[in-house]
Amino acid sequence: MEEKKPSRLYFIGKKEDLIQAKRTTVTLDGRDILIIYHQRTFYAMDLQCYHAGSTLETGDIEEINNKLCIVCPKHKYKITLAEGEGLYKAKNPMEAVPTPQWYSKGIKQRVHKVTEVDEDIFVTLSTCPGWIESDFYQTEKGRAELRKAQESEDGEEDVNADADEDV
């Protein structure tokens, strides 16, 4: 029988410092995590968006269907802060008058538990069994894909920088 690894509290920082920062990124057990402070609540989730690995650090936070969501800055995917649920808006063509409404894609982004103890903030990594799509960018293959994409973007910036110098 497989033994379950005990949950571990990771110290992130002092509550007041994290409130001031609003967003903080950390690496815990090799996993890149984003900690967000929004509307007097702390949230923690995988840093890279489940869809294509873009960082969520600068994503806007919006209320969608009565749920707080982070919006991926690159492709505008909406992810609930509390559950990691992917949301999308669509029309049901079977309705007499199709009207746009929000639907769930299910859990797509791994979220982690945030705990406050005596003004200190801790994160416990999710032990939710099974594969969640954001897990891909925590693997060697996913990280290699992110590095390759970053190198490609850096190369494009360099080409454009050279063109500006000739003007």
# chains A, B, ... in the order shown; residues from 1 in each chain; ligands from 1
$ select_by_dssp --residues "chain A" --states "alpha helix (DSSP H)" --output "ChimeraX atom specification"
/A:15-21,140-165
$ residues_around --residues "range 80-83 of chain A" --least-positions-apart "4" --cutoff "8 Å" --atoms "only C-alpha atoms" --output "CSV table (one decimal) with N, CA, C and O atoms, in the first residue's frame"
chain,number,residue,atom,x,y,z
A,43,TYR,N,-4.5,33.6,-1.3
A,43,TYR,CA,-4.8,32.4,-2.1
A,43,TYR,C,-3.4,32.0,-2.6
A,43,TYR,O,-2.5,32.8,-2.7
A,44,ALA,N,-3.3,30.7,-2.9
A,44,ALA,CA,-2.0,30.1,-3.5
A,44,ALA,C,-2.4,29.2,-4.6
A,44,ALA,O,-3.3,28.4,-4.5
A,45,MET,N,-1.6,29.3,-5.7
A,45,MET,CA,-1.9,28.4,-6.9
A,45,MET,C,-0.6,28.2,-7.6
A,45,MET,O,0.4,29.0,-7.4
A,67,LYS,N,-17.6,34.4,-8.5
A,67,LYS,CA,-16.3,33.8,-8.0
A,67,LYS,C,-15.2,34.7,-8.4
A,67,LYS,O,-15.2,35.2,-9.5
A,68,LEU,N,-14.2,34.9,-7.5
A,68,LEU,CA,-13.0,35.7,-7.8
A,68,LEU,C,-12.1,34.8,-8.7
A,68,LEU,O,-11.8,33.6,-8.4
A,69,CYS,N,-11.7,35.4,-9.8
A,69,CYS,CA,-10.9,34.7,-10.8
A,69,CYS,C,-9.6,35.5,-11.2
A,69,CYS,O,-9.7,36.8,-11.2
A,70,ILE,N,-8.6,34.8,-11.5
A,70,ILE,CA,-7.4,35.5,-12.1
A,70,ILE,C,-7.5,35.2,-13.6
A,70,ILE,O,-7.9,34.2,-14.1
A,87,LEU,N,-13.1,28.7,-16.2
A,87,LEU,CA,-14.4,29.1,-16.6
A,87,LEU,C,-14.3,29.7,-18.0
A,87,LEU,O,-13.3,30.2,-18.5
A,107,ILE,N,-11.7,21.5,-12.7
A,107,ILE,CA,-10.4,22.0,-12.0
A,107,ILE,C,-9.3,21.8,-13.0
A,107,ILE,O,-9.0,20.7,-13.5
A,109,GLN,N,-6.3,24.2,-12.6
A,109,GLN,CA,-5.1,24.9,-12.0
A,109,GLN,C,-5.0,24.3,-10.5
A,109,GLN,O,-6.0,24.4,-9.8
A,110,ARG,N,-3.9,23.8,-10.2
A,110,ARG,CA,-3.7,23.3,-8.8
A,110,ARG,C,-3.6,24.5,-7.8
A,110,ARG,O,-2.8,25.4,-8.0
A,111,VAL,N,-4.4,24.4,-6.8
A,111,VAL,CA,-4.4,25.4,-5.7
A,111,VAL,C,-3.9,24.8,-4.5
A,111,VAL,O,-4.0,23.6,-4.3
$ closest_residue --among "A:Gln48, A:Thr139, A:Ser104, A:Gln39" --to "Glu62 in chain A" --atoms "only C-alpha atoms"
A:Gln39
$ closest_residue --among "A:Thr127, A:Thr115, A:Ser54, A:Ser7" --to "Gly142 in chain A" --atoms "only C-alpha atoms"
A:Ser54
$ atom_distance --atom1 "CA of Thr24 in chain A" --atom2 "CA of Glu133 in chain A"
21.8 Å
$ closest_residue --among "A:His38, A:Lys76, A:His112, A:Lys148" --to "His51 in chain A" --atoms "only C-alpha atoms"
A:Lys76
$ select_by_dssp --residues "chain A" --states "strand (DSSP E)" --output "PyMOL selection string"
chain A and resi 9-14+23-28+31-38+41-46+60-64+67-71+78-80+85-90+101-107+111-117+120-124
$ atom_distance --atom1 "CA of Ile79 in chain A" --atom2 "CA of Ile33 in chain A"
14.8 Å
$ closest_residue --among "A:Ile132, A:Leu34, A:Leu9, A:Ala144" --to "Tyr50 in chain A" --atoms "only C-alpha atoms"
A:Ile132
$ closest_residue --among "A:Pro129, A:Gly84, A:Gly13, A:Gly106" --to "Leu47 in chain A" --atoms "only C-alpha atoms"
A:Gly84
$ closest_residue --among "A:Cys49, A:Gly130, A:Tyr103, A:Ala149" --to "Ala90 in chain A" --atoms "only C-alpha atoms"
A:Tyr103
$ residues_around --residues "Glu16 in chain A" --least-positions-apart "3" --cutoff "10 Å" --atoms "only C-alpha atoms" --output "MDAnalysis selection string"
chainID A and resid 13 19:22 119:121
$ atom_distance --atom1 "CA of Glu95 in chain A" --atom2 "CA of Tyr77 in chain A"
25.1 Å
$ residues_around --residues "Asp32 in chain A" --least-positions-apart "2" --cutoff "8 Å" --atoms "only C-alpha atoms" --output "ChimeraX atom specification"
/A:25-28,30,34,46-48,138
